[in-house]
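Below is entry29.pdb, holding PDB, C-alpha atoms and all ligand atoms.
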ATOM      1  CA  MET A   1       4.775 -15.604 -15.631
ATOM      2  CA  SER A   2       7.161 -16.569 -18.385
ATOM      3  CA  ASP A   3       8.926 -13.982 -20.541
ATOM      4  CA  GLU A   4       6.880 -15.174 -23.531
ATOM      5  CA  SER A   5       3.584 -14.393 -21.823
ATOM      6  CA  SER A   6       4.565 -10.929 -20.558
ATOM      7  CA  LEU A   7       3.380  -7.943 -22.575
ATOM      8  CA  SER A   8       4.651  -4.386 -22.866
ATOM      9  CA  PRO A   9       1.637  -2.155 -22.497
ATOM     10  CA  VAL A  10       1.755   1.600 -22.975
ATOM     11  CA  ILE A  11       1.127   3.197 -19.592
ATOM     12  CA  ARG A  12      -0.367   6.687 -19.683
ATOM     13  CA  PRO A  13      -2.486   9.038 -17.529
ATOM     14  CA  MET A  14      -6.205   8.248 -17.407
ATOM     15  CA  GLY A  15      -8.436  10.725 -19.243
ATOM     16  CA  PRO A  16     -12.180  11.411 -19.601
ATOM     17  CA  ALA A  17     -12.251   9.501 -22.927
ATOM     18  CA  ASP A  18     -11.300   6.305 -21.057
ATOM     19  CA  LEU A  19     -14.574   6.255 -19.094
ATOM     20  CA  ASP A  20     -16.507   3.708 -21.194
ATOM     21  CA  ARG A  21     -13.656   1.231 -21.396
ATOM     22  CA  ILE A  22     -12.922   1.479 -17.653
ATOM     23  CA  ILE A  23     -16.589   0.828 -16.878
ATOM     24  CA  GLU A  24     -16.464  -2.175 -19.217
ATOM     25  CA  ILE A  25     -13.401  -3.656 -17.488
ATOM     26  CA  ASP A  26     -14.817  -2.895 -14.039
ATOM     27  CA  VAL A  27     -17.989  -4.856 -14.868
ATOM     28  CA  LYS A  28     -15.869  -7.796 -15.983
ATOM     29  CA  VAL A  29     -13.734  -7.892 -12.822
ATOM     30  CA  LEU A  30     -16.336  -6.865 -10.229
ATOM     31  CA  GLY A  31     -19.485  -8.215 -11.880
ATOM     32  CA  LYS A  32     -21.526  -5.053 -11.350
ATOM     33  CA  GLN A  33     -22.245  -1.832 -13.241
ATOM     34  CA  ARG A  34     -21.292   1.390 -11.500
ATOM     35  CA  PRO A  35     -21.150   4.135 -14.178
ATOM     36  CA  GLU A  36     -22.022   6.987 -11.768
ATOM     37  CA  TYR A  37     -19.167   5.978  -9.500
ATOM     38  CA  TRP A  38     -16.703   6.088 -12.411
ATOM     39  CA  GLU A  39     -18.012   9.403 -13.733
ATOM     40  CA  MET A  40     -17.467  10.891 -10.280
ATOM     41  CA  LYS A  41     -14.059   9.242  -9.969
ATOM     42  CA  LEU A  42     -12.765  10.452 -13.340
ATOM     43  CA  ASP A  43     -13.970  13.949 -12.554
ATOM     44  CA  LEU A  44     -12.145  13.819  -9.210
ATOM     45  CA  VAL A  45      -8.853  12.556 -10.621
ATOM     46  CA  GLN A  46      -8.736  15.468 -13.082
ATOM     47  CA  LYS A  47      -9.193  17.987 -10.252
ATOM     48  CA  ARG A  48      -6.971  16.607  -7.490
ATOM     49  CA  PRO A  49      -3.219  16.686  -8.135
ATOM     50  CA  GLN A  50      -2.537  14.275  -5.256
ATOM     51  CA  ILE A  51      -4.558  11.569  -7.032
ATOM     52  CA  SER A  52      -2.682   9.556  -9.608
ATOM     53  CA  SER A  53      -4.569   7.551 -12.224
ATOM     54  CA  LEU A  54      -3.122   5.513 -15.052
ATOM     55  CA  VAL A  55      -4.326   3.199 -17.779
ATOM     56  CA  ALA A  56      -2.518   0.447 -19.658
ATOM     57  CA  GLU A  57      -3.055   0.164 -23.416
ATOM     58  CA  LEU A  58      -2.368  -2.699 -25.780
ATOM     59  CA  ASP A  59      -2.624  -1.879 -29.478
ATOM     60  CA  GLY A  60      -4.395   1.365 -28.598
ATOM     61  CA  ARG A  61      -7.045  -0.338 -26.440
ATOM     62  CA  VAL A  62      -7.293   0.232 -22.684
ATOM     63  CA  VAL A  63      -6.872  -3.106 -20.889
ATOM     64  CA  GLY A  64      -6.233  -2.007 -17.316
ATOM     65  CA  PHE A  65      -6.280   0.862 -14.856
ATOM     66  CA  ILE A  66      -4.970   1.929 -11.468
ATOM     67  CA  ILE A  67      -5.892   4.785  -9.154
ATOM     68  CA  GLY A  68      -3.872   5.801  -6.136
ATOM     69  CA  GLY A  69      -2.424   8.850  -4.537
ATOM     70  CA  ALA A  70      -0.602  10.561  -1.745
ATOM     71  CA  SER A  71      -2.250  10.858   1.638
ATOM     72  CA  ARG A  72      -3.299  14.311   2.842
ATOM     73  CA  TRP A  73      -3.456  13.272   6.478
ATOM     74  CA  GLU A  74      -6.752  11.400   6.009
ATOM     75  CA  TYR A  75      -7.255   9.159   9.071
ATOM     76  CA  GLY A  76      -4.149  10.782  10.574
ATOM     77  CA  VAL A  77      -1.992   9.072   7.966
ATOM     78  CA  PRO A  78       1.098  11.198   7.146
ATOM     79  CA  GLU A  79       1.915  12.606   3.716
ATOM     80  CA  SER A  80       4.764  10.152   3.221
ATOM     81  CA  VAL A  81       2.154   7.390   2.913
ATOM     82  CA  GLY A  82       0.473   6.757  -0.433
ATOM     83  CA  TRP A  83      -2.416   4.448  -1.207
ATOM     84  CA  ILE A  84      -3.746   2.271  -3.965
ATOM     85  CA  ASP A  85      -7.462   2.856  -4.299
ATOM     86  CA  THR A  86      -8.373   0.536  -7.135
ATOM     87  CA  ILE A  87      -6.783  -1.615  -9.807
ATOM     88  CA  GLY A  88      -8.291  -3.720 -12.562
ATOM     89  CA  VAL A  89      -7.171  -5.609 -15.647
ATOM     90  CA  ASP A  90      -9.401  -7.018 -18.381
ATOM     91  CA  PRO A  91      -9.673 -10.790 -17.688
ATOM     92  CA  ALA A  92      -8.662 -11.440 -21.315
ATOM     93  CA  CYS A  93      -5.285  -9.812 -20.583
ATOM     94  CA  GLN A  94      -4.567 -10.986 -17.043
ATOM     95  CA  ARG A  95      -1.431 -12.849 -15.873
ATOM     96  CA  LYS A  96       0.712 -10.994 -18.406
ATOM     97  CA  GLY A  97       2.307  -8.488 -16.039
ATOM     98  CA  ILE A  98      -0.031  -5.587 -16.884
ATOM     99  CA  ALA A  99      -1.123  -4.797 -13.303
ATOM    100  CA  LYS A 100       2.468  -5.030 -12.170
ATOM    101  CA  ARG A 101       3.536  -2.480 -14.826
ATOM    102  CA  LEU A 102       0.688  -0.172 -13.810
ATOM    103  CA  PHE A 103       1.785  -0.462 -10.189
ATOM    104  CA  GLU A 104       5.447   0.215 -11.040
ATOM    105  CA  GLU A 105       4.523   3.407 -12.910
ATOM    106  CA  MET A 106       2.300   4.489 -10.039
ATOM    107  CA  VAL A 107       5.189   3.989  -7.622
ATOM    108  CA  LYS A 108       7.443   6.235  -9.744
ATOM    109  CA  GLY A 109       4.834   9.015  -9.577
ATOM    110  CA  LEU A 110       4.191   8.581  -5.857
ATOM    111  CA  LYS A 111       7.900   8.731  -5.064
ATOM    112  CA  LYS A 112       8.054  12.108  -6.810
ATOM    113  CA  MET A 113       5.260  13.270  -4.467
ATOM    114  CA  GLY A 114       7.393  12.330  -1.446
ATOM    115  CA  VAL A 115       5.722   8.998  -0.721
ATOM    116  CA  ASP A 116       7.888   6.279   0.832
ATOM    117  CA  THR A 117       5.228   3.766   1.959
ATOM    118  CA  ILE A 118       2.151   2.504   0.135
ATOM    119  CA  THR A 119      -0.976   1.137   1.758
ATOM    120  CA  THR A 120      -4.118  -0.498   0.421
ATOM    121  CA  PHE A 121      -7.218  -2.335   1.649
ATOM    122  CA  VAL A 122      -7.899  -5.866   0.484
ATOM    123  CA  ASN A 123     -10.688  -8.159   1.579
ATOM    124  CA  ARG A 124      -9.030 -10.992   3.464
ATOM    125  CA  ARG A 125     -11.014 -13.488   1.366
ATOM    126  CA  ASP A 126      -9.840 -11.978  -1.927
ATOM    127  CA  TRP A 127      -7.137 -14.511  -2.555
ATOM    128  CA  ILE A 128      -6.144 -13.185  -5.991
ATOM    129  CA  LEU A 129      -5.644  -9.584  -4.889
ATOM    130  CA  LEU A 130      -3.775 -10.804  -1.809
ATOM    131  CA  LYS A 131      -1.486 -12.897  -4.005
ATOM    132  CA  PHE A 132      -0.983  -9.970  -6.355
ATOM    133  CA  PHE A 133       0.014  -7.532  -3.607
ATOM    134  CA  LYS A 134       2.144 -10.124  -1.850
ATOM    135  CA  ASN A 135       4.015 -10.714  -5.117
ATOM    136  CA  LEU A 136       4.776  -6.988  -5.263
ATOM    137  CA  GLY A 137       6.217  -7.086  -1.739
ATOM    138  CA  PHE A 138       3.288  -5.870   0.382
ATOM    139  CA  GLN A 139       3.009  -7.106   3.974
ATOM    140  CA  LYS A 140       0.409  -6.727   6.706
ATOM    141  CA  GLY A 141       0.431  -3.088   7.920
ATOM    142  CA  ASP A 142      -0.226  -1.358  11.239
ATOM    143  CA  MET A 143      -3.766  -0.075  10.533
ATOM    144  CA  ILE A 144      -6.694  -2.112  11.852
ATOM    145  CA  ASN A 145     -10.076  -2.028  10.157
ATOM    146  CA  LEU A 146     -12.895  -1.496  12.731
ATOM    147  CA  GLU A 147     -16.610  -1.735  11.937
ATOM    148  CA  MET A 148     -20.055  -2.034  13.557
ATOM    149  CA  ASP A 149     -23.551  -2.676  12.267
ATOM    150  CA  ILE A 150     -25.959   0.262  12.617
TER     151      ILE A 150
HETATM  152  C1  LIG B   1      -5.399  -8.557  -9.350
HETATM  153  C2  LIG B   1      -5.282  -8.136 -10.815
HETATM  154  C3  LIG B   1      -5.270  -6.598 -10.892
HETATM  155  C4  LIG B   1      -3.966  -8.704 -11.363
HETATM  156  O1  LIG B   1      -3.793  -8.257 -12.708
HETATM  157  P1  LIG B   1      -2.762  -8.986 -13.707
HETATM  158  O2  LIG B   1      -2.422  -8.031 -14.790
HETATM  159  O3  LIG B   1      -3.312 -10.285 -14.097
HETATM  160  O4  LIG B   1      -1.510  -9.195 -12.717
HETATM  161  P2  LIG B   1      -0.002  -9.485 -13.135
HETATM  162  O5  LIG B   1       0.030 -10.297 -14.392
HETATM  163  O6  LIG B   1       0.768  -8.210 -13.129
HETATM  164  O7  LIG B   1       0.459 -10.419 -11.931
HETATM  165  C5  LIG B   1       1.593 -10.173 -11.127
HETATM  166  C6  LIG B   1       1.679 -11.290 -10.106
HETATM  167  O8  LIG B   1       0.554 -11.228  -9.187
HETATM  168  C7  LIG B   1       0.138 -12.578  -8.839
HETATM  169  N1  LIG B   1      -1.179 -12.866  -9.436
HETATM  170  C8  LIG B   1      -1.881 -12.075 -10.274
HETATM  171  N2  LIG B   1      -3.053 -12.667 -10.600
HETATM  172  C9  LIG B   1      -3.084 -13.856  -9.951
HETATM  173  C10 LIG B   1      -4.020 -14.929  -9.916
HETATM  174  N3  LIG B   1      -5.183 -14.876 -10.615
HETATM  175  N4  LIG B   1      -3.732 -16.002  -9.156
HETATM  176  C11 LIG B   1      -2.573 -16.074  -8.463
HETATM  177  N5  LIG B   1      -1.632 -15.102  -8.474
HETATM  178  C12 LIG B   1      -1.887 -13.998  -9.200
HETATM  179  C13 LIG B   1       1.181 -13.508  -9.468
HETATM  180  O9  LIG B   1       2.213 -13.655  -8.514
HETATM  181  C14 LIG B   1       1.644 -12.690 -10.673
HETATM  182  O10 LIG B   1       2.928 -13.055 -11.111
HETATM  183  P3  LIG B   1       3.098 -14.342 -12.100
HETATM  184  O11 LIG B   1       2.058 -14.206 -13.178
HETATM  185  O12 LIG B   1       4.505 -14.183 -12.569
HETATM  186  O13 LIG B   1       2.867 -15.552 -11.244
HETATM  187  C15 LIG B   1      -6.453  -8.712 -11.681
HETATM  188  O14 LIG B   1      -6.588 -10.090 -11.407
HETATM  189  C16 LIG B   1      -7.773  -8.031 -11.422
HETATM  190  O15 LIG B   1      -8.109  -7.037 -12.064
HETATM  191  N6  LIG B   1      -8.524  -8.558 -10.458
HETATM  192  C17 LIG B   1      -9.716  -7.894  -9.975
HETATM  193  C18 LIG B   1      -9.290  -6.749  -9.087
HETATM  194  C19 LIG B   1     -10.403  -6.127  -8.329
HETATM  195  O16 LIG B   1     -11.217  -6.789  -7.723
HETATM  196  N7  LIG B   1     -10.393  -4.771  -8.373
HETATM  197  C20 LIG B   1     -11.374  -3.974  -7.721
HETATM  198  C21 LIG B   1     -11.007  -3.603  -6.319
HETATM  199  S1  LIG B   1      -9.391  -2.952  -6.078
END

Translate the structure described by the file into structure tokens.
Amino acid sequence: MSDESSLSPVIRPMGPADLDRIIEIDVKVLGKQRPEYWEMKLDLVQKRPQISSLVAELDGRVVGFIIGGASRWEYGVPESVGWIDTIGVDPACQRKGIAKRLFEEMVKGLKKMGVDTITTFVNRRDWILLKFFKNLGFQKGDMINLEMDI
């Protein structure tokens, strides 16, 4: 990314009024509509202080979002571990450092909650997300994902 192509978005907490725009971006990046999921998610982030959710705005328009938080011993993971749940940037605004800025702001908040390690799940075939997290400094962690068909 060159300096010319980087943008300075306003990063602020996500609010209920952001719902429609987040759904719009999510459809663009994931290719499917999931409004009920986002209604539930936005409701949850307002109620749970350990969940951190941010949006990035350019000229007053939401162009990206991130949700993460501090662990509460889910899966035996200690409180010093935080997680990134989801991240998305409008394709029209990608490769301009917006996701990186969202992540940096999330890290500031998580540090204040006592987090010193961040974990996330990425599909091993999702080359773009893998590149993104690698660029931030993420490496393969100690957790192993187990599954079975039922
Ligand atoms: C991954 C994603 C969030 C990156 O957003 P972005 O704002 O474009 O990312 P940034 O501009 O901050 O990129 C930071 C670095 O990550 C890497 N990167 C990001 N997108 C990349 C791409 N498409 N190809 C290769 N590397 C990429 C680069 O190293 C980049 O630095 P550079 O531009 O200086 O080379 C965005 O592509 C996206 O929303 N993808 C879909 C995510 C998704 O599936 N979310 C749902 C489940 S979590």

- request: Dig up all the protein and nucleic acid residues within 9 Å of (-7.4, 4.5, -5.2) in the file frame, using all atoms listed in the file, and format them as a ChimeraX atom specification.
  value: /A:51-53,66-69,83-87,120

message: Could you list the protein, DNA and RNA residues that have any atom within 6 Å of ligand LIG 1 (chain B), counting only C-alpha atoms and all ligand atoms, and write them as a list in words?
response: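 Answer in the requested format: Met1, Val29, Leu30, Thr86, Ile87, Gly88, Val89, Gln94, Arg95, Lys96, Gly97, Ile98, Ala99, Lys100, Ile128, Leu129, Lys131, Phe132 and Asn135 of chain A.
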
- line: Correct to one decimal, the distance CA of Lys41 (chain A)-CA of Gln139 (chain A) is 27.4 Å

query: From the set A:Val122, A:Glu24, A:Ala17, A:Arg72, which residue has the shortest atom-to-atom contact distance to Pro49 (chain A), counting all atoms listed in the file?
result: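 That would be A:Arg72, the residue with the smallest distance to Pro49 (chain A).
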
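Proximity to Pro16 (chain A) was assessed for A:Tyr37, A:Gln46, A:Glu105, A:Gly31 counting only C-alpha atoms; the smallest distance is recorded for A:Gln46.
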
Which residues are close to Leu102 (chain A), i.e. within 8 Å by only C-alpha atoms, leaving aside same-chain residues fewer than 4 positions away? Reply as an mmCIF file with C-alpha atoms, in the frame of the given file.
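What landed in result23.cif:
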data_model
loop_
_atom_site.group_PDB
_atom_site.id
_atom_site.type_symbol
_atom_site.label_atom_id
_atom_site.label_comp_id
_atom_site.auth_asym_id
_atom_site.auth_seq_id
_atom_site.Cartn_x
_atom_site.Cartn_y
_atom_site.Cartn_z
ATOM 1 C CA ILE A 11 1.127 3.197 -19.592
ATOM 2 C CA LEU A 54 -3.122 5.513 -15.052
ATOM 3 C CA VAL A 55 -4.326 3.199 -17.779
ATOM 4 C CA ALA A 56 -2.518 0.447 -19.658
ATOM 5 C CA GLY A 64 -6.233 -2.007 -17.316
ATOM 6 C CA PHE A 65 -6.280 0.862 -14.856
ATOM 7 C CA ILE A 66 -4.970 1.929 -11.468
ATOM 8 C CA ILE A 98 -0.031 -5.587 -16.884
ATOM 9 C CA MET A 106 2.300 4.489 -10.039
#

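Near region 143-150 of chain A, within 12 Å and counting all atoms listed in the file, sit Tyr75, Gly76, Val77, Thr119, Thr120, Phe121, Val122, Asn123, Arg124, Gln139, Lys140 and Gly141 of chain A; same-chain residues fewer than 2 positions away were not included.
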